[in-house]
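Visitor: query34.cif (mmCIF, C-alpha atoms) pasted underneath:
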data_entry
loop_
_atom_site.group_PDB
_atom_site.id
_atom_site.type_symbol
_atom_site.label_atom_id
_atom_site.label_comp_id
_atom_site.auth_asym_id
_atom_site.auth_seq_id
_atom_site.Cartn_x
_atom_site.Cartn_y
_atom_site.Cartn_z
ATOM 1 C CA MET F 1 -30.824 11.441 1.983
ATOM 2 C CA SER F 2 -33.529 13.818 3.119
ATOM 3 C CA HIS F 3 -36.628 12.315 4.656
ATOM 4 C CA LEU F 4 -38.613 14.540 2.261
ATOM 5 C CA ALA F 5 -37.561 12.365 -0.666
ATOM 6 C CA ASP F 6 -40.442 9.910 -0.272
ATOM 7 C CA ALA F 7 -43.006 12.720 -0.425
ATOM 8 C CA ARG F 8 -41.629 14.391 -3.568
ATOM 9 C CA THR F 9 -43.342 14.315 -6.931
ATOM 10 C CA LEU F 10 -41.433 12.879 -9.866
ATOM 11 C CA PRO F 11 -39.506 15.334 -12.036
ATOM 12 C CA LEU F 12 -41.379 16.507 -15.151
ATOM 13 C CA GLU F 13 -44.744 15.675 -13.578
ATOM 14 C CA GLY F 14 -47.336 17.830 -15.309
ATOM 15 C CA GLY F 15 -44.731 18.883 -17.884
ATOM 16 C CA HIS F 16 -42.965 21.189 -15.411
ATOM 17 C CA LEU F 17 -39.434 21.492 -14.050
ATOM 18 C CA LYS F 18 -38.884 23.135 -10.669
ATOM 19 C CA LEU F 19 -35.631 25.137 -10.751
ATOM 20 C CA LEU F 20 -33.695 26.871 -7.987
ATOM 21 C CA THR F 21 -30.540 28.985 -7.973
ATOM 22 C CA PHE F 22 -28.740 29.920 -4.771
ATOM 23 C CA ASN F 23 -25.484 31.642 -3.823
ATOM 24 C CA LEU F 24 -25.084 30.075 -0.385
ATOM 25 C CA GLN F 25 -21.873 31.913 0.608
ATOM 26 C CA VAL F 26 -20.292 28.612 1.791
ATOM 27 C CA GLY F 27 -22.849 28.396 4.610
ATOM 28 C CA ILE F 28 -21.940 31.650 6.372
ATOM 29 C CA GLN F 29 -24.855 33.306 8.133
ATOM 30 C CA THR F 30 -25.102 36.956 7.070
ATOM 31 C CA SER F 31 -27.949 39.220 8.151
ATOM 32 C CA ALA F 32 -26.300 42.666 8.355
ATOM 33 C CA TYR F 33 -23.557 44.564 6.546
ATOM 34 C CA HIS F 34 -21.229 44.493 9.558
ATOM 35 C CA HIS F 35 -21.216 40.679 9.384
ATOM 36 C CA TYR F 36 -18.988 40.939 6.298
ATOM 37 C CA LEU F 37 -16.300 42.155 8.700
ATOM 38 C CA THR F 38 -17.107 40.353 11.940
ATOM 39 C CA ARG F 39 -17.701 36.975 10.276
ATOM 40 C CA SER F 40 -15.118 37.205 7.509
ATOM 41 C CA TRP F 41 -12.959 34.654 9.347
ATOM 42 C CA GLN F 42 -15.519 31.979 8.374
ATOM 43 C CA HIS F 43 -14.280 32.197 4.773
ATOM 44 C CA LEU F 44 -11.040 30.618 6.018
ATOM 45 C CA LEU F 45 -11.927 28.760 9.210
ATOM 46 C CA PRO F 46 -14.602 26.167 10.067
ATOM 47 C CA HIS F 47 -17.701 27.035 12.099
ATOM 48 C CA PRO F 48 -19.524 24.484 14.293
ATOM 49 C CA LYS F 49 -22.994 25.551 13.068
ATOM 50 C CA ARG F 50 -22.204 25.386 9.356
ATOM 51 C CA GLN F 51 -23.295 21.755 9.054
ATOM 52 C CA ARG F 52 -26.687 22.464 10.573
ATOM 53 C CA ARG F 53 -27.154 25.313 8.123
ATOM 54 C CA LEU F 54 -26.376 22.960 5.233
ATOM 55 C CA ASP F 55 -28.963 20.525 6.555
ATOM 56 C CA MET F 56 -31.627 23.218 6.546
ATOM 57 C CA MET F 57 -30.627 24.323 3.053
ATOM 58 C CA GLY F 58 -30.857 20.727 1.877
ATOM 59 C CA GLU F 59 -34.404 20.424 3.179
ATOM 60 C CA VAL F 60 -35.433 23.371 1.011
ATOM 61 C CA MET F 61 -33.496 22.215 -2.061
ATOM 62 C CA GLY F 62 -35.205 18.846 -1.858
ATOM 63 C CA ARG F 63 -38.415 20.432 -3.164
ATOM 64 C CA PHE F 64 -36.854 21.131 -6.577
ATOM 65 C CA ASP F 65 -35.824 19.155 -9.665
ATOM 66 C CA ILE F 66 -32.627 21.025 -10.586
ATOM 67 C CA VAL F 67 -30.594 23.325 -8.326
ATOM 68 C CA GLY F 68 -27.738 25.613 -9.362
ATOM 69 C CA LEU F 69 -25.276 26.546 -6.601
ATOM 70 C CA GLN F 70 -22.698 29.301 -6.339
ATOM 71 C CA GLU F 71 -20.073 29.921 -3.645
ATOM 72 C CA VAL F 72 -19.981 26.346 -2.398
ATOM 73 C CA ASP F 73 -16.879 24.691 -0.977
ATOM 74 C CA GLY F 74 -15.560 21.511 -2.543
ATOM 75 C CA GLY F 75 -14.066 20.143 0.682
ATOM 76 C CA SER F 76 -11.401 22.035 2.616
ATOM 77 C CA PHE F 77 -10.411 23.164 6.106
ATOM 78 C CA ARG F 78 -13.042 25.922 6.256
ATOM 79 C CA SER F 79 -15.858 23.485 5.452
ATOM 80 C CA GLY F 80 -14.638 20.785 7.806
ATOM 81 C CA GLN F 81 -13.423 18.762 4.791
ATOM 82 C CA VAL F 82 -17.047 18.518 3.584
ATOM 83 C CA ASN F 83 -17.696 18.733 -0.144
ATOM 84 C CA GLN F 84 -20.801 20.874 0.132
ATOM 85 C CA VAL F 85 -22.105 19.983 -3.355
ATOM 86 C CA LYS F 86 -21.920 16.271 -2.632
ATOM 87 C CA TYR F 87 -23.330 16.722 0.872
ATOM 88 C CA LEU F 88 -26.329 18.764 -0.291
ATOM 89 C CA ALA F 89 -27.042 16.264 -3.080
ATOM 90 C CA ALA F 90 -27.185 13.438 -0.548
ATOM 91 C CA ARG F 91 -29.135 15.462 2.005
ATOM 92 C CA ALA F 92 -31.758 16.541 -0.538
ATOM 93 C CA GLY F 93 -31.949 13.187 -2.329
ATOM 94 C CA PHE F 94 -30.500 14.197 -5.719
ATOM 95 C CA PRO F 95 -29.103 11.234 -7.703
ATOM 96 C CA HIS F 96 -26.858 13.464 -9.852
ATOM 97 C CA HIS F 97 -24.471 16.220 -8.855
ATOM 98 C CA PHE F 98 -21.527 18.060 -10.372
ATOM 99 C CA GLN F 99 -18.926 20.340 -8.797
ATOM 100 C CA GLN F 100 -16.960 22.935 -10.766
ATOM 101 C CA LEU F 101 -13.820 24.030 -8.914
ATOM 102 C CA ASN F 102 -13.144 27.646 -9.886
ATOM 103 C CA ARG F 103 -10.661 28.871 -7.298
ATOM 104 C CA ASN F 104 -8.363 26.312 -5.717
ATOM 105 C CA LEU F 105 -6.809 27.553 -2.477
ATOM 106 C CA GLY F 106 -5.606 24.099 -1.535
ATOM 107 C CA ARG F 107 -6.478 22.914 1.937
ATOM 108 C CA ILE F 108 -7.887 26.326 2.921
ATOM 109 C CA ALA F 109 -10.730 26.688 0.390
ATOM 110 C CA GLN F 110 -12.163 24.996 -2.700
ATOM 111 C CA HIS F 111 -14.352 27.742 -4.196
ATOM 112 C CA SER F 112 -16.902 26.150 -6.534
ATOM 113 C CA ASN F 113 -20.146 26.179 -8.484
ATOM 114 C CA GLY F 114 -22.470 23.209 -8.220
ATOM 115 C CA LEU F 115 -25.333 21.430 -9.952
ATOM 116 C CA LEU F 116 -27.880 19.087 -8.334
ATOM 117 C CA SER F 117 -30.309 17.231 -10.584
ATOM 118 C CA ARG F 118 -33.055 14.612 -10.493
ATOM 119 C CA LEU F 119 -32.803 14.278 -14.267
ATOM 120 C CA THR F 120 -29.881 12.453 -15.811
ATOM 121 C CA PRO F 121 -27.652 14.835 -17.788
ATOM 122 C CA SER F 122 -26.660 13.531 -21.212
ATOM 123 C CA ARG F 123 -23.552 15.721 -21.100
ATOM 124 C CA ILE F 124 -21.857 18.180 -18.731
ATOM 125 C CA GLU F 125 -19.208 20.711 -19.723
ATOM 126 C CA GLU F 126 -17.499 23.381 -17.664
ATOM 127 C CA TYR F 127 -16.190 26.714 -18.870
ATOM 128 C CA ARG F 128 -13.539 29.005 -17.411
ATOM 129 C CA LEU F 129 -14.974 32.439 -17.923
ATOM 130 C CA PRO F 130 -12.623 35.192 -19.148
ATOM 131 C CA GLY F 131 -11.625 37.961 -16.786
ATOM 132 C CA THR F 132 -8.715 39.894 -15.338
ATOM 133 C CA LEU F 133 -8.919 37.833 -12.156
ATOM 134 C CA PRO F 134 -9.255 34.064 -12.642
ATOM 135 C CA GLY F 135 -11.816 32.085 -10.683
ATOM 136 C CA ARG F 136 -15.153 32.571 -12.436
ATOM 137 C CA GLY F 137 -16.863 29.689 -14.202
ATOM 138 C CA ALA F 138 -20.022 28.237 -15.715
ATOM 139 C CA ILE F 139 -21.474 24.726 -15.825
ATOM 140 C CA HIS F 140 -23.285 23.643 -19.003
ATOM 141 C CA ALA F 141 -25.573 20.640 -18.525
ATOM 142 C CA ARG F 142 -27.444 19.166 -21.470
ATOM 143 C CA PHE F 143 -30.543 17.057 -20.864
ATOM 144 C CA GLY F 144 -31.697 14.965 -23.817
ATOM 145 C CA GLU F 145 -30.307 14.742 -27.324
ATOM 146 C CA GLY F 146 -30.832 16.570 -30.584
ATOM 147 C CA PRO F 147 -32.168 20.065 -31.275
ATOM 148 C CA ASP F 148 -34.876 19.789 -28.596
ATOM 149 C CA ALA F 149 -32.485 18.999 -25.750
ATOM 150 C CA LEU F 150 -32.580 21.306 -22.735
ATOM 151 C CA HIS F 151 -29.379 23.291 -22.131
ATOM 152 C CA LEU F 152 -28.937 24.586 -18.593
ATOM 153 C CA PHE F 153 -26.119 26.893 -17.518
ATOM 154 C CA VAL F 154 -25.101 27.640 -13.920
ATOM 155 C CA ALA F 155 -22.884 30.729 -13.774
ATOM 156 C CA HIS F 156 -21.283 33.100 -11.286
ATOM 157 C CA LEU F 157 -20.155 36.283 -13.028
ATOM 158 C CA ALA F 158 -17.561 38.884 -12.088
ATOM 159 C CA LEU F 159 -18.116 41.878 -9.840
ATOM 160 C CA SER F 160 -16.600 44.330 -12.321
ATOM 161 C CA HIS F 161 -18.613 45.680 -15.251
ATOM 162 C CA ARG F 162 -15.774 45.054 -17.697
ATOM 163 C CA GLY F 163 -15.355 41.478 -16.516
ATOM 164 C CA ARG F 164 -19.085 40.740 -16.830
ATOM 165 C CA GLU F 165 -19.171 42.215 -20.343
ATOM 166 C CA ARG F 166 -16.464 39.783 -21.470
ATOM 167 C CA GLN F 167 -18.135 36.864 -19.715
ATOM 168 C CA LEU F 168 -21.552 37.617 -21.222
ATOM 169 C CA ASP F 169 -19.895 37.839 -24.658
ATOM 170 C CA TYR F 170 -18.353 34.419 -24.057
ATOM 171 C CA LEU F 171 -21.647 32.840 -22.967
ATOM 172 C CA SER F 172 -23.546 34.497 -25.834
ATOM 173 C CA GLU F 173 -21.443 32.661 -28.396
ATOM 174 C CA ILE F 174 -22.208 29.301 -26.784
ATOM 175 C CA ILE F 175 -25.932 29.967 -26.281
ATOM 176 C CA GLN F 176 -26.721 31.540 -29.665
ATOM 177 C CA PRO F 177 -27.269 28.298 -31.687
ATOM 178 C CA LEU F 178 -29.265 26.517 -28.947
ATOM 179 C CA ARG F 179 -33.063 26.284 -28.842
ATOM 180 C CA HIS F 180 -34.171 25.518 -25.257
ATOM 181 C CA VAL F 181 -31.939 27.348 -22.784
ATOM 182 C CA VAL F 182 -31.864 28.189 -19.067
ATOM 183 C CA VAL F 183 -29.197 30.471 -17.587
ATOM 184 C CA MET F 184 -29.236 30.591 -13.806
ATOM 185 C CA GLY F 185 -26.966 31.947 -11.125
ATOM 186 C CA ASP F 186 -25.511 34.966 -9.378
ATOM 187 C CA LEU F 187 -24.879 37.172 -12.404
ATOM 188 C CA ASN F 188 -23.855 40.173 -10.284
ATOM 189 C CA CYS F 189 -25.901 42.515 -12.462
ATOM 190 C CA THR F 190 -29.419 43.913 -12.556
ATOM 191 C CA PRO F 191 -32.030 43.191 -15.252
ATOM 192 C CA GLU F 192 -31.347 46.643 -16.713
ATOM 193 C CA GLN F 193 -27.657 45.833 -17.046
ATOM 194 C CA LEU F 194 -28.476 42.514 -18.711
ATOM 195 C CA HIS F 195 -30.826 44.193 -21.175
ATOM 196 C CA GLY F 196 -28.044 46.641 -21.986
ATOM 197 C CA HIS F 197 -25.812 43.847 -23.277
ATOM 198 C CA ARG F 198 -26.941 43.599 -26.912
ATOM 199 C CA ARG F 199 -25.094 40.419 -27.798
ATOM 200 C CA PHE F 200 -26.443 38.510 -24.814
ATOM 201 C CA VAL F 201 -30.003 39.722 -25.452
ATOM 202 C CA ALA F 202 -29.661 38.591 -29.070
ATOM 203 C CA SER F 203 -28.633 35.084 -27.997
ATOM 204 C CA LEU F 204 -31.223 34.786 -25.202
ATOM 205 C CA PRO F 205 -34.359 36.965 -25.075
ATOM 206 C CA LEU F 206 -34.096 37.269 -21.285
ATOM 207 C CA HIS F 207 -37.540 35.839 -20.654
ATOM 208 C CA PRO F 208 -38.685 36.331 -17.963
ATOM 209 C CA VAL F 209 -36.321 38.870 -16.433
ATOM 210 C CA ARG F 210 -38.243 40.434 -13.584
ATOM 211 C CA PRO F 211 -36.848 42.615 -10.798
ATOM 212 C CA LEU F 212 -36.857 39.936 -8.114
ATOM 213 C CA LEU F 213 -34.815 41.524 -5.357
ATOM 214 C CA SER F 214 -32.382 38.975 -3.932
ATOM 215 C CA TYR F 215 -29.525 41.004 -2.410
ATOM 216 C CA PRO F 216 -28.793 41.686 0.386
ATOM 217 C CA SER F 217 -30.920 38.928 1.840
ATOM 218 C CA TRP F 218 -31.846 40.784 5.040
ATOM 219 C CA GLN F 219 -33.128 43.861 3.152
ATOM 220 C CA PRO F 220 -33.278 43.070 -0.581
ATOM 221 C CA ARG F 221 -32.632 46.058 -2.819
ATOM 222 C CA ARG F 222 -30.995 44.602 -5.927
ATOM 223 C CA ALA F 223 -31.894 41.839 -8.381
ATOM 224 C CA LEU F 224 -28.559 40.063 -8.881
ATOM 225 C CA ASP F 225 -29.654 36.398 -8.958
ATOM 226 C CA HIS F 226 -31.504 35.250 -12.062
ATOM 227 C CA ILE F 227 -33.123 32.327 -13.848
ATOM 228 C CA LEU F 228 -33.358 33.338 -17.518
ATOM 229 C CA LEU F 229 -35.293 31.326 -20.103
ATOM 230 C CA SER F 230 -35.379 31.129 -23.885
ATOM 231 C CA ASP F 231 -38.737 32.079 -25.370
ATOM 232 C CA SER F 232 -39.557 28.399 -25.986
ATOM 233 C CA LEU F 233 -39.912 27.892 -22.210
ATOM 234 C CA GLN F 234 -42.696 29.309 -20.068
ATOM 235 C CA ALA F 235 -42.352 30.332 -16.417
ATOM 236 C CA ASP F 236 -45.523 29.733 -14.420
ATOM 237 C CA ASP F 237 -44.097 31.006 -11.143
ATOM 238 C CA VAL F 238 -41.039 33.147 -10.394
ATOM 239 C CA ARG F 239 -40.255 33.859 -6.747
ATOM 240 C CA VAL F 240 -37.616 34.446 -4.105
ATOM 241 C CA LEU F 241 -37.532 32.171 -1.073
ATOM 242 C CA ASP F 242 -37.060 33.017 2.573
ATOM 243 C CA HIS F 243 -33.668 33.935 3.999
ATOM 244 C CA LEU F 244 -31.425 30.848 4.210
ATOM 245 C CA PHE F 245 -28.440 32.305 6.088
ATOM 246 C CA SER F 246 -26.540 33.544 3.013
ATOM 247 C CA ASP F 247 -26.265 37.175 1.934
ATOM 248 C CA HIS F 248 -28.288 36.211 -1.179
ATOM 249 C CA LEU F 249 -31.867 34.939 -1.346
ATOM 250 C CA PRO F 250 -32.630 31.794 -3.378
ATOM 251 C CA VAL F 251 -34.574 32.356 -6.609
ATOM 252 C CA ALA F 252 -37.021 29.715 -7.887
ATOM 253 C CA VAL F 253 -38.953 29.196 -11.127
ATOM 254 C CA ASP F 254 -41.454 26.548 -12.224
ATOM 255 C CA VAL F 255 -40.843 26.039 -15.945
ATOM 256 C CA ARG F 256 -43.386 24.600 -18.346
ATOM 257 C CA MET F 257 -41.630 22.553 -21.018
ATOM 258 C CA PRO F 258 -42.724 22.486 -24.681
ATOM 259 C CA PRO F 259 -43.839 19.016 -25.884
ATOM 260 C CA ALA F 260 -40.794 18.324 -28.080
ATOM 261 C CA CYS F 261 -38.340 19.261 -25.321
ATOM 262 C CA LEU F 262 -40.338 17.283 -22.779
ATOM 263 C CA GLN F 263 -40.144 14.207 -24.993
ATOM 264 C CA ALA F 264 -36.368 14.600 -25.339
ATOM 265 C CA LEU F 265 -35.981 14.826 -21.557
ATOM 266 C CA LYS F 266 -38.148 11.804 -20.814
ATOM 267 C CA GLY F 267 -36.164 9.749 -23.305
ATOM 268 C CA MET F 268 -32.905 10.378 -21.430
ATOM 269 C CA GLN F 269 -33.745 9.352 -17.858
ATOM 270 C CA LYS F 270 -31.287 6.681 -16.785
ATOM 271 C CA ASP F 271 -29.737 5.463 -13.564
ATOM 272 C CA GLU F 272 -26.340 7.054 -14.128
ATOM 273 C CA VAL F 273 -24.465 9.054 -11.473
ATOM 274 C CA TYR F 274 -22.157 12.015 -12.098
#
Do you think you could lay out the structure here as structure tokens?

Guide:
Amino acid sequence: MSHLADARTLPLEGGHLKLLTFNLQVGIQTSAYHHYLTRSWQHLLPHPKRQRRLDMMGEVMGRFDIVGLQEVDGGSFRSGQVNQVKYLAARAGFPHHFQQLNRNLGRIAQHSNGLLSRLTPSRIEEYRLPGTLPGRGAIHARFGEGPDALHLFVAHLALSHRGRERQLDYLSEIIQPLRHVVVMGDLNCTPEQLHGHRRFVASLPLHPVRPLLSYPSWQPRRALDHILLSDSLQADDVRVLDHLFSDHLPVAVDVRMPPACLQALKGMQKDEVY
């Protein structure tokens, strides 16, 4: 557990939730385009400095209430048999974590999404997103019960436009009947591309989609990583964080919860572990 845990405020203090999404590229340090070639071996082989990078990431994640992770390894040869979701949860002091294995390459790689949370989820579901190439997924965590529960999705969408269109259609159907919704992750598309998807915009008003440039991390030019909110939720602060080794920058939002949703969340805090 991180030594920062004792200094943290309690989740929901002041009626806010501190959210973070981060594609951490399995802990590979990338700070130039040529690193995609020269350091590509780290996608298959372990690196002695990867653990120290995870430790530094964990220190940053410890400042938040809920963290969505993309491109994490679930424990394989390349990660030194370390389940990075579980490790970061322990390092940052999160009592609840969930790993979604999307691409199982056996002992070589366990390509995953992850969720870290200080709040106790009342339910967690995982979805296999449609696409020509398998291996994309979304985590759906519900916090609280009833119509004022908070529904949080962690997703990593396809690189291809056609694949993303199908995946956004799929998510739209799930999100449409829900009231308080957060969609966070590496969506591999710009705000303009999101706004161009009519069905997704109809299910979630894309508030607040702002052009926060998150990729590439060393010279950000594109807004590919997002935290999207339903109009019942208010964002008091939307920001990108400093470079944390990956080719993506982390994106953070402080969310002000409406009273009814806040009451539903406070009623569900238990000492359960996922």

Visitor: On this structure, which residues satisfy the PyMOL selection byres ((chain F and resi 127) around 12), written as a list of chain:residue names?

Guide: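 This file, filtered by the PyMOL selection byres ((chain F and resi 127) around 12), leaves F:Gln100, F:Leu101, F:Asn102, F:Asn113, F:Ile124, F:Glu125, F:Glu126, F:Arg128, F:Leu129, F:Pro130, F:Pro134, F:Gly135, F:Arg136, F:Gly137, F:Ala138, F:Ile139, F:His140, F:Ala141, F:Phe153, F:Val154, F:Ala155, F:His156, F:Leu157, F:Gln167, F:Tyr170, F:Leu171, F:Ile174.
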
Visitor: I need the output of the PyMOL selection byres ((chain F and resi 185) around 12) for this file as a ChimeraX atom specification; which residues are they?

Guide: /F:19-24,67-71,113-115,136-139,152-158,182-184,186-189,214,223-228,248-252

Visitor: Run the PyMOL selection byres ((chain F and resi 255) around 7) mentally over the shown coordinates, then write out the matched residues as a list in words, using the chain letters and numbers from the document.

Guide: His16, Leu17, Lys18, Leu233, Gln234, Ala235, Asp236, Val253, Asp254, Arg256 and Met257 of chain F

Visitor: Take the residues just selected and output them with C-alpha atoms as a compact mmCIF listing (two decimals), in the coordinates of the input.

Guide:
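What landed in part.txt:
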# COMPACT_ATOMS: atom_id res chain seq x y z
CA HIS F 16 -42.96 21.19 -15.41
CA LEU F 17 -39.43 21.49 -14.05
CA LYS F 18 -38.88 23.14 -10.67
CA LEU F 233 -39.91 27.89 -22.21
CA GLN F 234 -42.70 29.31 -20.07
CA ALA F 235 -42.35 30.33 -16.42
CA ASP F 236 -45.52 29.73 -14.42
CA VAL F 253 -38.95 29.20 -11.13
CA ASP F 254 -41.45 26.55 -12.22
CA ARG F 256 -43.39 24.60 -18.35
CA MET F 257 -41.63 22.55 -21.02

Visitor: Do a neighbour search on Arg103 of chain F at 7 Å with all atoms listed in the file, toss out local chain neighbours closer than 4 positions, and write the hits as a PyMOL selection string.

Guide: chain F and resi 110-112+135

Visitor: Of the residues F:Asp247, F:Glu173, F:Asp65, F:Glu145, which is the one nearest to Tyr215 of chain F, using all atoms listed in the file?

Guide: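 Using all atoms listed in the file, the shortest distance to Tyr215 of chain F belongs to F:Asp247.
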
Visitor: So, counting all atoms listed in the file, which residue among F:His197, F:Arg210, F:His97, F:Arg53 is closest to Ile66 of chain F?

Guide: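 Closest candidate: F:His97.
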
Visitor: Once you add 4 Å to each side, what are the centre and edge lengths of the axis-aligned box holding all listed atoms of segment 67-80 of chain F? One decimal in Å, as JSON, if you can.

Guide:
{"center_x": -20.5, "center_y": 25.0, "center_z": -0.8, "size_x": 28.2, "size_y": 17.8, "size_z": 25.2}
